[in-house]
Amino acid sequence: MPIAESEVAWVEETKLGLWEQLYIPALIDGLKTTLGHMISRKVTEQYPEQEPTMPLNYRGVHRLNRDAAGRVKCVACYMCATACPAHCIDIVAAPAPAEWQKDGREKYPETFVIDELRCIYCGMCEEACPVDAIELTTLYDLTGFSREQMVFDKEKLLSVFDTTTKAGTDPVRTQAGRLSVASEAPPGEPRP
Amino acid sequence: MPTFDLTITAIVIVGLIGGILGVCGYLTLGERKISAWMQDRIGPNRVGPGGLLQPLADGGKFFLKEEVIPDHVDKVFYLLAPAVAVGTALLALAVVPFGATTPPPDPVAMATPNAMATFEAQQKAYGESFNFVLAPGLDIGVLYLFALGSLAVYGVILAGWSANNKYSLLGSLRSSAQIVSYEIPLGMSVLGVFIIVGSLNPEKIIAWQAGAGAASDPVLSHIGLGSAWWFVLFQPLALLLFLASTYAEDSRLPFDLPEAEQELVGGYHTEYSSLKLGLMLLTEYIHLVASSFMVAVLFLGGWSLFGLESVSSDPIVAAVLKLLILCGKMVGLCVFAQLVRWTIPRFRFDQLMNLAWKVMIPLALLNLVAVIFVKQFGWSLLVLSGVNVLLFVGAGMLGARTRGTVTNPKRAVKKMPPGLPAGVTYAGR
Amino acid sequence: MPTVYVNDKPVEIGTKRLNCVQAAEIAGVFVPHYCWHEALSVVASCRMCLVEVGDLKDGKVTMQPKVLPGCQTPVKDGTVIVTGEYDKRDKALPTLPYDPGYTKTAPLGDRAKKSQADTLEGLLINHPLDCPVCDKAGECKLQDFSYKYGRSESRMVDVKNTPPNKPQLSSKITLFTDRCIMCTRCVRFTREISGTAELYVAGRGHHEEIDVFPGRPLENKLAGNVVDLCPVGALGSKDFLYKQRVWYLKTVDGVCNRCSTGCNTYTDTNKDIVYRIRARLNPQAQGHFICDEGRYGYHHANSGERFVRPVMKADGRFKPVAWSALLPQLKQEFADAVKANAKGVAAVLSPFLTAEEAFLLGSYFKSLSKDVRLVLGPVPVIGEDDTYPKNAKGEPVEPVKFTIRAEKAPNRIGVEAVLKQLQGDVIPFTSIAKESLSAMWFAGGYPDPSHLDALVPTDWKAPALLVAQDLLPTVMTASAKYILPATTGFEKDGTFVNHANYVQTFGRAARPPPEARTALQLAFDLLGRKGLVQPDAMRKELARAVPFFGALAPETRIALEVAGERGA
């Protein structure tokens, strides 16, 4: 689309005086800046030896959270897969096992696969999740030897939860985890 | 004429090329380190102590990388281009002094007593002296250098053309225009030096600056001051023009349009890989080294440094000192080029052309006229210093009077009414 | 003419007996409703369709101005209807000189609007907010209406009723009891349409539940319709349960191919897999509903046993062949067979083919020789026509509201019409089953292979050159020399003719397996025509060549489509 003429602001060049026109003073000014930086403190992190601490809102590898009973929190609602702009989430839903249904769990993900290579780590899945089951951790050094290794299944994603909570790098951030909204019963209360 | 000995010459050639390549290698490290420091980083520090073996790793990598010759290239020219580029660059080093030099003796007038004997003695002394230059006593020295500098553009054009790639071609087109344009101020700015010295021989120019020249000057001969009469004193403007031109010739920032990564991927060497790419990159550093030597020789007194070169009477020590001084000046100039790289942003192509044709060439020409006047009327060279400063400030004032940069003169900025300008039709509307 | 005014818009209703919802629909105003359904009786239990009614105050008394359920309120000349969306009316119309008397306290339409919002709040009191796990989410009327007419917050502070789910309701249907809003559409359906009356309402007040009588689960051949009817996610199809979210599905209008009724359907697919068949309204074909046979009769399309690429028998085993090599070979072999003995060559066109496919294939074989016989494929007839509603003893009662035909093929009449045109008479398969032929082309497409197997005589001898095009392994494909993959009724464009000579065209819902070709494309290739098949062009050709399909000329076809859309 061409830019509309009305959106174009015509500006005139800054008028330069003799001092600027001589160019050399400006060059010296510039050199002062660059030379100043040469002796200033360096910000480089020596990565493999010195590992950075990521802020909690860093968007790294996904994890699937567990509920209090250690079951996958996910209810297989496909909200994350729907929100995902990269189409990297593949879920196969199934009716939850009978003993789960006592707690009101009707549906659960039979398989839950994220292609970590396809993912763009935008965090939309986390935003979309109604039960805070999927979260992005601060794990940033994700590597693998093959494409297949980078396709994370449910067990792998749950193990990410286990390792990150055990290591304490990513505490569970939310207390919800039931299908409810704020206008309903307060969170934490067991489902009647 | 110094005694020609094949073995010694061969050793010197090998030593020089080896030395230059080593210097180039470490210049890359220096470039990366300086870039890093300027950006508050540390820079390469993994290979060897403090990253000192990085150039070896880089070189090794260039050797071991897969050599890709794309199908669509013109094979002959594609293979020829790096050879031409690096060959011309290395050939240029033949006349570049890199240490102590002795100028060939001037002819002796037959009228003088013992003319023959004096001449013989001078020739004998000259024959026994050792010159740190591959082809000593070449009277057209600098001219040869310019000639080879012009040839260097072939490497670029061949590479860009044979690669059969838009980016490469654009890069080489820009490059050829740029190099051809900047050869004029490059040559013209140093004409003054040649006129003053009366020779194109680099050894003679060094000798002039080391004291020989000042003797014949009406004012300077009275002041004395030994060896400090570098041309930078009389020709500061010429130095500036020459320096800028050499950056342009070497495609250094701010004149790196031939290979502007942000615009052209890699410029004319986009399609090169492995060692060929290495050669292409090496060429630029050889150019940088050679031009730094030339700036040091032409304007900064060559191997002379306020008498430091003659503190020892031991010829070996003196030779080493001179070598170190000249090489030190060269390295200093290279580092300066790298500092400038991160200080001045890249010129736009029109600015580049305007700078050459509308600023540098007229200034160089006026400077040349001034030198001719001084030479003709036998005035002191100090006049030239004043004239240089005047020219520089005058150019600045002229630029300021036009109320816009001279390199990019103010254009009429008209507030356009909204909508299409009258009489303009676009296809498809 | 009797005139009704809906949001200031005068609507002439003629002699039709309409309620407010229907009258508003004619005026282009949608009145939301849950319990009301055109085909079912009116109970006015959901109270979602509340509208303000009144009269013009022109001396004639027609209506008392008050808020009434629209579904239960018949309209007559002079009735004024003001819906909750009065503020969104067509402002260009002249405002009606209408004053119900209360407009000083609330603007017109406000009462209906507030009533609807309150109704929704009431419906949501016990409705769980488990939309993320509910299969209805995305096509749920409770979601849609709450969004459009409801309030964003619930004032409910007490604990919701959560009665247990009832998966034992039926083998095909499960009940999420807590999601039910007690519209009783399902109950009325089983009482009025299927007549089987399995469902009833148990309990009273907030403890009302849909339930079945002990030992009498919801098992009738129309039971699946209650899932379509349910406006919320209470009744779920076990067949579709948690398979897909509905917003992933692509819906295409289809025609059921499981019997000769030719029910209109919606085919819901995702990535070329059929996930669900739903009923599409067409009063001319079948009405509002479809039978379970058609509803769940799509699994053959997703079957793993389907033929997906052409194979050729060599050394007693079937080996894949490329179409590029196969086509010239087939043409050559049939040309040779016709040359040797044209009488011994037959092409069997099954009643599962579309009319276009039958026509084009028939044309090809007739172009080889006039003596090649075109045979109508075996037509499966299972039992008797099954009509609904039934009485308590399971006997059909009049008036009939739905019929499941015994003839389990969608297009016998269409193929017969083509055969009559191409060779004058219809040769049934039984008449050639005993003959020993030299070559036969069997264009099948039987979704249920057992139907075909039952119709082929046990002593049937396969000819030496038998090309069988079918979906699933049958006796035909077992003895074939070449097996070509067929395409299901969801994977092709075409025309079916139902039992009542009603011609229906339909579009493709899913792409066939990559290496399968429709019979239409195959005939196209055999005829040596260049390029890809264009269904519209083929339909026109068929309409020109076969007078029976003459109405499929473009103008008529548009008219047919309009009729179909109005029906939907």
# chains A, B, ... in the order shown; residues from 1 in each chain; ligands from 1
>>> select_by_dssp(residues="segment 245-345 of chain B", states="helix (DSSP H, G or I)", output="PDB file with N, CA and C atoms, in the first residue's frame")
ATOM      1  N   SER B 245      40.550   9.639   0.819  1.00  0.00           N
ATOM      2  CA  SER B 245      40.546   8.903  -0.438  1.00  0.00           C
ATOM      3  C   SER B 245      40.999   7.470  -0.247  1.00  0.00           C
ATOM      4  N   THR B 246      41.999   7.277   0.634  1.00  0.00           N
ATOM      5  CA  THR B 246      42.450   5.891   0.823  1.00  0.00           C
ATOM      6  C   THR B 246      41.351   5.059   1.477  1.00  0.00           C
ATOM      7  N   TYR B 247      40.610   5.651   2.383  1.00  0.00           N
ATOM      8  CA  TYR B 247      39.496   4.886   2.970  1.00  0.00           C
ATOM      9  C   TYR B 247      38.507   4.484   1.889  1.00  0.00           C
ATOM     10  N   ALA B 248      38.256   5.430   0.991  1.00  0.00           N
ATOM     11  CA  ALA B 248      37.321   5.124  -0.082  1.00  0.00           C
ATOM     12  C   ALA B 248      37.884   4.036  -0.976  1.00  0.00           C
ATOM     13  N   GLU B 249      39.175   4.142  -1.272  1.00  0.00           N
ATOM     14  CA  GLU B 249      39.792   3.147  -2.140  1.00  0.00           C
ATOM     15  C   GLU B 249      39.792   1.767  -1.486  1.00  0.00           C
ATOM     16  N   LEU B 257      30.486   1.298   0.737  1.00  0.00           N
ATOM     17  CA  LEU B 257      29.293   1.012  -0.048  1.00  0.00           C
ATOM     18  C   LEU B 257      29.380  -0.254  -0.901  1.00  0.00           C
ATOM     19  N   PRO B 258      30.567  -0.611  -1.414  1.00  0.00           N
ATOM     20  CA  PRO B 258      30.592  -1.817  -2.243  1.00  0.00           C
ATOM     21  C   PRO B 258      30.120  -3.061  -1.508  1.00  0.00           C
ATOM     22  N   GLU B 259      30.277  -3.092  -0.205  1.00  0.00           N
ATOM     23  CA  GLU B 259      29.920  -4.321   0.499  1.00  0.00           C
ATOM     24  C   GLU B 259      29.012  -4.034   1.682  1.00  0.00           C
ATOM     25  N   GLU B 261      26.757  -4.404   4.150  1.00  0.00           N
ATOM     26  CA  GLU B 261      26.055  -5.641   4.495  1.00  0.00           C
ATOM     27  C   GLU B 261      24.552  -5.425   4.606  1.00  0.00           C
ATOM     28  N   GLN B 262      24.183  -4.289   5.175  1.00  0.00           N
ATOM     29  CA  GLN B 262      22.755  -4.073   5.417  1.00  0.00           C
ATOM     30  C   GLN B 262      21.997  -3.910   4.116  1.00  0.00           C
ATOM     31  N   GLU B 263      22.706  -3.499   3.058  1.00  0.00           N
ATOM     32  CA  GLU B 263      22.000  -3.228   1.818  1.00  0.00           C
ATOM     33  C   GLU B 263      22.242  -4.314   0.786  1.00  0.00           C
ATOM     34  N   LEU B 264      23.427  -4.901   0.824  1.00  0.00           N
ATOM     35  CA  LEU B 264      23.832  -5.732  -0.312  1.00  0.00           C
ATOM     36  C   LEU B 264      24.245  -7.133   0.095  1.00  0.00           C
ATOM     37  N   GLY B 267      27.826  -7.584  -0.771  1.00  0.00           N
ATOM     38  CA  GLY B 267      28.446  -6.849  -1.855  1.00  0.00           C
ATOM     39  C   GLY B 267      29.026  -7.782  -2.884  1.00  0.00           C
ATOM     40  N   TYR B 268      30.142  -7.366  -3.474  1.00  0.00           N
ATOM     41  CA  TYR B 268      30.649  -8.121  -4.624  1.00  0.00           C
ATOM     42  C   TYR B 268      31.104  -9.526  -4.239  1.00  0.00           C
ATOM     43  N   HIS B 269      31.368  -9.789  -2.955  1.00  0.00           N
ATOM     44  CA  HIS B 269      31.817 -11.137  -2.611  1.00  0.00           C
ATOM     45  C   HIS B 269      30.709 -12.000  -2.020  1.00  0.00           C
ATOM     46  N   SER B 274      34.577 -19.932   1.533  1.00  0.00           N
ATOM     47  CA  SER B 274      35.839 -20.569   1.873  1.00  0.00           C
ATOM     48  C   SER B 274      37.025 -19.654   1.615  1.00  0.00           C
ATOM     49  N   LEU B 275      38.071 -20.214   1.042  1.00  0.00           N
ATOM     50  CA  LEU B 275      39.321 -19.475   0.929  1.00  0.00           C
ATOM     51  C   LEU B 275      39.198 -18.283  -0.011  1.00  0.00           C
ATOM     52  N   LYS B 276      38.321 -18.402  -0.997  1.00  0.00           N
ATOM     53  CA  LYS B 276      38.171 -17.289  -1.941  1.00  0.00           C
ATOM     54  C   LYS B 276      37.609 -16.075  -1.216  1.00  0.00           C
ATOM     55  N   LEU B 277      36.650 -16.332  -0.368  1.00  0.00           N
ATOM     56  CA  LEU B 277      36.121 -15.229   0.443  1.00  0.00           C
ATOM     57  C   LEU B 277      37.239 -14.684   1.326  1.00  0.00           C
ATOM     58  N   GLY B 278      38.032 -15.608   1.874  1.00  0.00           N
ATOM     59  CA  GLY B 278      39.149 -15.188   2.716  1.00  0.00           C
ATOM     60  C   GLY B 278      40.080 -14.264   1.954  1.00  0.00           C
ATOM     61  N   LEU B 279      40.376 -14.625   0.706  1.00  0.00           N
ATOM     62  CA  LEU B 279      41.275 -13.797  -0.102  1.00  0.00           C
ATOM     63  C   LEU B 279      40.671 -12.419  -0.328  1.00  0.00           C
ATOM     64  N   MET B 280      39.360 -12.417  -0.616  1.00  0.00           N
ATOM     65  CA  MET B 280      38.685 -11.142  -0.862  1.00  0.00           C
ATOM     66  C   MET B 280      38.792 -10.240   0.354  1.00  0.00           C
ATOM     67  N   LEU B 281      38.564 -10.833   1.517  1.00  0.00           N
ATOM     68  CA  LEU B 281      38.615 -10.030   2.739  1.00  0.00           C
ATOM     69  C   LEU B 281      40.047  -9.609   3.034  1.00  0.00           C
ATOM     70  N   LEU B 282      40.963 -10.545   2.748  1.00  0.00           N
ATOM     71  CA  LEU B 282      42.370 -10.249   2.984  1.00  0.00           C
ATOM     72  C   LEU B 282      42.822  -9.059   2.140  1.00  0.00           C
ATOM     73  N   THR B 283      42.347  -9.033   0.907  1.00  0.00           N
ATOM     74  CA  THR B 283      42.728  -7.962  -0.006  1.00  0.00           C
ATOM     75  C   THR B 283      42.488  -6.599   0.624  1.00  0.00           C
ATOM     76  N   GLU B 284      41.348  -6.477   1.261  1.00  0.00           N
ATOM     77  CA  GLU B 284      41.024  -5.170   1.823  1.00  0.00           C
ATOM     78  C   GLU B 284      42.005  -4.796   2.917  1.00  0.00           C
ATOM     79  N   TYR B 285      42.401  -5.796   3.678  1.00  0.00           N
ATOM     80  CA  TYR B 285      43.358  -5.476   4.742  1.00  0.00           C
ATOM     81  C   TYR B 285      44.730  -5.167   4.171  1.00  0.00           C
ATOM     82  N   ILE B 286      45.115  -5.854   3.092  1.00  0.00           N
ATOM     83  CA  ILE B 286      46.401  -5.530   2.464  1.00  0.00           C
ATOM     84  C   ILE B 286      46.371  -4.100   1.957  1.00  0.00           C
ATOM     85  N   HIS B 287      45.229  -3.746   1.345  1.00  0.00           N
ATOM     86  CA  HIS B 287      45.083  -2.364   0.890  1.00  0.00           C
ATOM     87  C   HIS B 287      45.229  -1.399   2.048  1.00  0.00           C
ATOM     88  N   LEU B 288      44.611  -1.757   3.145  1.00  0.00           N
ATOM     89  CA  LEU B 288      44.647  -0.870   4.303  1.00  0.00           C
ATOM     90  C   LEU B 288      46.078  -0.706   4.790  1.00  0.00           C
ATOM     91  N   VAL B 289      46.795  -1.833   4.842  1.00  0.00           N
ATOM     92  CA  VAL B 289      48.181  -1.787   5.305  1.00  0.00           C
ATOM     93  C   VAL B 289      49.022  -0.950   4.352  1.00  0.00           C
ATOM     94  N   ALA B 290      48.848  -1.219   3.063  1.00  0.00           N
ATOM     95  CA  ALA B 290      49.656  -0.505   2.080  1.00  0.00           C
ATOM     96  C   ALA B 290      49.372   0.988   2.134  1.00  0.00           C
ATOM     97  N   SER B 291      48.074   1.336   2.238  1.00  0.00           N
ATOM     98  CA  SER B 291      47.763   2.768   2.220  1.00  0.00           C
ATOM     99  C   SER B 291      48.216   3.425   3.521  1.00  0.00           C
ATOM    100  N   SER B 292      48.176   2.672   4.626  1.00  0.00           N
ATOM    101  CA  SER B 292      48.671   3.241   5.871  1.00  0.00           C
ATOM    102  C   SER B 292      50.170   3.507   5.768  1.00  0.00           C
ATOM    103  N   PHE B 293      50.883   2.557   5.170  1.00  0.00           N
ATOM    104  CA  PHE B 293      52.315   2.784   4.927  1.00  0.00           C
ATOM    105  C   PHE B 293      52.511   4.045   4.106  1.00  0.00           C
ATOM    106  N   MET B 294      51.691   4.196   3.060  1.00  0.00           N
ATOM    107  CA  MET B 294      51.866   5.340   2.173  1.00  0.00           C
ATOM    108  C   MET B 294      51.584   6.648   2.891  1.00  0.00           C
ATOM    109  N   VAL B 295      50.545   6.652   3.728  1.00  0.00           N
ATOM    110  CA  VAL B 295      50.256   7.888   4.478  1.00  0.00           C
ATOM    111  C   VAL B 295      51.425   8.207   5.393  1.00  0.00           C
ATOM    112  N   ALA B 296      51.946   7.169   6.037  1.00  0.00           N
ATOM    113  CA  ALA B 296      53.077   7.385   6.937  1.00  0.00           C
ATOM    114  C   ALA B 296      54.288   7.899   6.163  1.00  0.00           C
ATOM    115  N   VAL B 297      54.490   7.339   4.988  1.00  0.00           N
ATOM    116  CA  VAL B 297      55.665   7.717   4.209  1.00  0.00           C
ATOM    117  C   VAL B 297      55.503   9.118   3.647  1.00  0.00           C
ATOM    118  N   LEU B 298      54.320   9.406   3.099  1.00  0.00           N
ATOM    119  CA  LEU B 298      54.160  10.664   2.385  1.00  0.00           C
ATOM    120  C   LEU B 298      53.964  11.846   3.328  1.00  0.00           C
ATOM    121  N   LEU B 308      64.445  10.196  17.142  1.00  0.00           N
ATOM    122  CA  LEU B 308      64.510   8.926  17.853  1.00  0.00           C
ATOM    123  C   LEU B 308      65.183   7.860  16.997  1.00  0.00           C
ATOM    124  N   GLU B 309      65.025   8.033  15.672  1.00  0.00           N
ATOM    125  CA  GLU B 309      65.573   7.014  14.777  1.00  0.00           C
ATOM    126  C   GLU B 309      67.102   7.021  14.805  1.00  0.00           C
ATOM    127  N   SER B 310      67.718   8.114  15.274  1.00  0.00           N
ATOM    128  CA  SER B 310      69.178   8.181  15.201  1.00  0.00           C
ATOM    129  C   SER B 310      69.831   8.223  16.579  1.00  0.00           C
ATOM    130  N   PRO B 315      74.314   0.583  13.221  1.00  0.00           N
ATOM    131  CA  PRO B 315      73.424   0.528  12.039  1.00  0.00           C
ATOM    132  C   PRO B 315      72.296  -0.487  12.217  1.00  0.00           C
ATOM    133  N   ILE B 316      72.578  -1.600  12.908  1.00  0.00           N
ATOM    134  CA  ILE B 316      71.545  -2.624  13.062  1.00  0.00           C
ATOM    135  C   ILE B 316      70.436  -2.087  13.948  1.00  0.00           C
ATOM    136  N   VAL B 317      70.851  -1.520  15.077  1.00  0.00           N
ATOM    137  CA  VAL B 317      69.849  -0.972  15.997  1.00  0.00           C
ATOM    138  C   VAL B 317      69.053   0.123  15.304  1.00  0.00           C
ATOM    139  N   ALA B 318      69.751   0.977  14.562  1.00  0.00           N
ATOM    140  CA  ALA B 318      69.066   2.063  13.860  1.00  0.00           C
ATOM    141  C   ALA B 318      68.061   1.504  12.876  1.00  0.00           C
ATOM    142  N   ALA B 319      68.470   0.442  12.157  1.00  0.00           N
ATOM    143  CA  ALA B 319      67.553  -0.145  11.169  1.00  0.00           C
ATOM    144  C   ALA B 319      66.317  -0.689  11.869  1.00  0.00           C
ATOM    145  N   VAL B 320      66.545  -1.381  12.979  1.00  0.00           N
ATOM    146  CA  VAL B 320      65.403  -1.955  13.707  1.00  0.00           C
ATOM    147  C   VAL B 320      64.504  -0.840  14.211  1.00  0.00           C
ATOM    148  N   LEU B 321      65.120   0.226  14.737  1.00  0.00           N
ATOM    149  CA  LEU B 321      64.325   1.351  15.238  1.00  0.00           C
ATOM    150  C   LEU B 321      63.458   1.932  14.145  1.00  0.00           C
ATOM    151  N   LYS B 322      64.113   2.135  12.988  1.00  0.00           N
ATOM    152  CA  LYS B 322      63.363   2.741  11.880  1.00  0.00           C
ATOM    153  C   LYS B 322      62.219   1.825  11.445  1.00  0.00           C
ATOM    154  N   LEU B 323      62.528   0.538  11.404  1.00  0.00           N
ATOM    155  CA  LEU B 323      61.489  -0.429  11.039  1.00  0.00           C
ATOM    156  C   LEU B 323      60.331  -0.318  12.016  1.00  0.00           C
ATOM    157  N   LEU B 324      60.667  -0.274  13.289  1.00  0.00           N
ATOM    158  CA  LEU B 324      59.619  -0.224  14.305  1.00  0.00           C
ATOM    159  C   LEU B 324      58.820   1.073  14.214  1.00  0.00           C
ATOM    160  N   ILE B 325      59.548   2.165  13.971  1.00  0.00           N
ATOM    161  CA  ILE B 325      58.843   3.457  13.900  1.00  0.00           C
ATOM    162  C   ILE B 325      57.849   3.453  12.752  1.00  0.00           C
ATOM    163  N   LEU B 326      58.337   3.036  11.577  1.00  0.00           N
ATOM    164  CA  LEU B 326      57.457   3.076  10.406  1.00  0.00           C
ATOM    165  C   LEU B 326      56.280   2.124  10.594  1.00  0.00           C
ATOM    166  N   CYS B 327      56.602   0.907  11.081  1.00  0.00           N
ATOM    167  CA  CYS B 327      55.512  -0.058  11.263  1.00  0.00           C
ATOM    168  C   CYS B 327      54.558   0.416  12.346  1.00  0.00           C
ATOM    169  N   GLY B 328      55.131   1.068  13.359  1.00  0.00           N
ATOM    170  CA  GLY B 328      54.267   1.606  14.410  1.00  0.00           C
ATOM    171  C   GLY B 328      53.312   2.644  13.849  1.00  0.00           C
ATOM    172  N   LYS B 329      53.843   3.499  12.980  1.00  0.00           N
ATOM    173  CA  LYS B 329      52.976   4.509  12.370  1.00  0.00           C
ATOM    174  C   LYS B 329      51.883   3.824  11.547  1.00  0.00           C
ATOM    175  N   MET B 330      52.300   2.777  10.827  1.00  0.00           N
ATOM    176  CA  MET B 330      51.329   2.064   9.998  1.00  0.00           C
ATOM    177  C   MET B 330      50.217   1.483  10.882  1.00  0.00           C
ATOM    178  N   VAL B 331      50.635   0.812  11.952  1.00  0.00           N
ATOM    179  CA  VAL B 331      49.627   0.180  12.817  1.00  0.00           C
ATOM    180  C   VAL B 331      48.726   1.249  13.433  1.00  0.00           C
ATOM    181  N   GLY B 332      49.372   2.363  13.836  1.00  0.00           N
ATOM    182  CA  GLY B 332      48.568   3.451  14.397  1.00  0.00           C
ATOM    183  C   GLY B 332      47.519   3.929  13.415  1.00  0.00           C
ATOM    184  N   LEU B 333      47.903   4.055  12.170  1.00  0.00           N
ATOM    185  CA  LEU B 333      46.956   4.532  11.164  1.00  0.00           C
ATOM    186  C   LEU B 333      45.843   3.503  10.940  1.00  0.00           C
ATOM    187  N   CYS B 334      46.227   2.213  10.970  1.00  0.00           N
ATOM    188  CA  CYS B 334      45.206   1.163  10.800  1.00  0.00           C
ATOM    189  C   CYS B 334      44.204   1.234  11.935  1.00  0.00           C
ATOM    190  N   VAL B 335      44.721   1.393  13.149  1.00  0.00           N
ATOM    191  CA  VAL B 335      43.823   1.466  14.304  1.00  0.00           C
ATOM    192  C   VAL B 335      42.935   2.690  14.188  1.00  0.00           C
ATOM    193  N   PHE B 336      43.520   3.782  13.686  1.00  0.00           N
ATOM    194  CA  PHE B 336      42.713   4.986  13.506  1.00  0.00           C
ATOM    195  C   PHE B 336      41.566   4.710  12.534  1.00  0.00           C
ATOM    196  N   ALA B 337      41.883   3.980  11.474  1.00  0.00           N
ATOM    197  CA  ALA B 337      40.834   3.641  10.500  1.00  0.00           C
ATOM    198  C   ALA B 337      39.728   2.847  11.174  1.00  0.00           C
ATOM    199  N   GLN B 338      40.128   1.970  12.092  1.00  0.00           N
ATOM    200  CA  GLN B 338      39.110   1.166  12.764  1.00  0.00           C
ATOM    201  C   GLN B 338      38.295   1.997  13.745  1.00  0.00           C
ATOM    202  N   LEU B 339      38.944   2.991  14.321  1.00  0.00           N
ATOM    203  CA  LEU B 339      38.184   3.885  15.195  1.00  0.00           C
ATOM    204  C   LEU B 339      37.169   4.665  14.377  1.00  0.00           C
ATOM    205  N   VAL B 340      37.625   5.136  13.228  1.00  0.00           N
ATOM    206  CA  VAL B 340      36.737   5.920  12.378  1.00  0.00           C
ATOM    207  C   VAL B 340      35.550   5.069  11.944  1.00  0.00           C
ATOM    208  N   ARG B 341      35.806   3.772  11.745  1.00  0.00           N
ATOM    209  CA  ARG B 341      34.745   2.885  11.288  1.00  0.00           C
ATOM    210  C   ARG B 341      33.516   2.958  12.180  1.00  0.00           C
TER     211      ARG B 341
END
>>> residues_around(residues="Ala93 of chain A", least_positions_apart="2", cutoff="10 Å", atoms="only C-alpha atoms", output="number ranges by chain")
A: 75-78, 90-91, 95-96, 107-112; C: 133, 241-245
>>> write_last_selection(atoms="N, CA and C atoms", output="CSV table (one decimal), in the first residue's frame")
chain,number,residue,atom,x,y,z
A,75,VAL,N,-7.2,-29.4,30.6
A,75,VAL,CA,-8.5,-30.0,30.4
A,75,VAL,C,-8.8,-30.3,28.9
A,76,ALA,N,-7.7,-30.1,28.1
A,76,ALA,CA,-7.8,-30.4,26.6
A,76,ALA,C,-8.9,-29.5,26.0
A,77,CYS,N,-8.9,-28.2,26.3
A,77,CYS,CA,-10.0,-27.4,25.7
A,77,CYS,C,-9.6,-26.8,24.3
A,78,TYR,N,-8.3,-27.0,23.9
A,78,TYR,CA,-7.8,-26.6,22.6
A,78,TYR,C,-7.7,-25.1,22.5
A,90,ASP,N,-0.5,-29.7,19.3
A,90,ASP,CA,-1.4,-30.8,18.8
A,90,ASP,C,-1.9,-31.5,20.0
A,91,ILE,N,-3.2,-31.5,20.1
A,91,ILE,CA,-3.9,-32.2,21.3
A,91,ILE,C,-4.8,-33.2,20.8
A,95,PRO,N,-12.2,-38.5,27.0
A,95,PRO,CA,-12.9,-38.4,28.3
A,95,PRO,C,-11.9,-38.8,29.4
A,96,ALA,N,-12.0,-38.1,30.5
A,96,ALA,CA,-11.0,-38.3,31.6
A,96,ALA,C,-11.3,-39.7,32.2
A,107,LYS,N,-12.8,-34.1,30.8
A,107,LYS,CA,-12.0,-34.2,29.6
A,107,LYS,C,-10.5,-34.1,29.9
A,108,TYR,N,-9.7,-34.8,29.3
A,108,TYR,CA,-8.3,-34.6,29.6
A,108,TYR,C,-7.5,-34.9,28.3
A,109,PRO,N,-6.3,-34.4,28.2
A,109,PRO,CA,-5.5,-34.6,26.9
A,109,PRO,C,-4.9,-36.0,26.9
A,110,GLU,N,-5.3,-36.7,25.9
A,110,GLU,CA,-4.7,-38.1,25.8
A,110,GLU,C,-3.2,-37.9,25.3
A,111,THR,N,-3.1,-37.1,24.3
A,111,THR,CA,-1.7,-36.7,24.0
A,111,THR,C,-1.7,-35.1,23.9
A,112,PHE,N,-0.6,-34.6,24.2
A,112,PHE,CA,-0.4,-33.2,24.1
A,112,PHE,C,1.0,-32.9,23.6
C,133,VAL,N,-14.4,-27.3,28.2
C,133,VAL,CA,-14.4,-28.7,28.0
C,133,VAL,C,-15.7,-29.1,27.3
C,241,LEU,N,-17.8,-37.0,20.7
C,241,LEU,CA,-17.4,-36.5,22.0
C,241,LEU,C,-15.9,-36.2,22.0
C,242,TYR,N,-15.5,-35.0,22.2
C,242,TYR,CA,-14.1,-34.6,22.4
C,242,TYR,C,-13.2,-34.8,21.2
C,243,LYS,N,-13.9,-35.0,20.0
C,243,LYS,CA,-13.0,-35.3,18.8
C,243,LYS,C,-12.4,-34.0,18.3
C,244,GLN,N,-13.3,-33.0,18.2
C,244,GLN,CA,-12.8,-31.8,17.6
C,244,GLN,C,-13.5,-30.6,18.3
C,245,ARG,N,-12.9,-29.4,18.3
C,245,ARG,CA,-13.6,-28.2,18.7
C,245,ARG,C,-14.4,-27.8,17.5
>>> select_by_dssp(residues="chain A", states="strand (DSSP E or B)", output="list in words")
His62, Arg63, Leu64, Arg66, Val72, Ile89, Asp90, Ile91, Val92, Ala93, Ala94, Pro95, Lys107, Tyr108, Pro109, Glu110, Thr111, Phe112, Val113, Ile114, Asp115, Ile134, Glu135, Leu136, Val151 and Phe152 of chain A
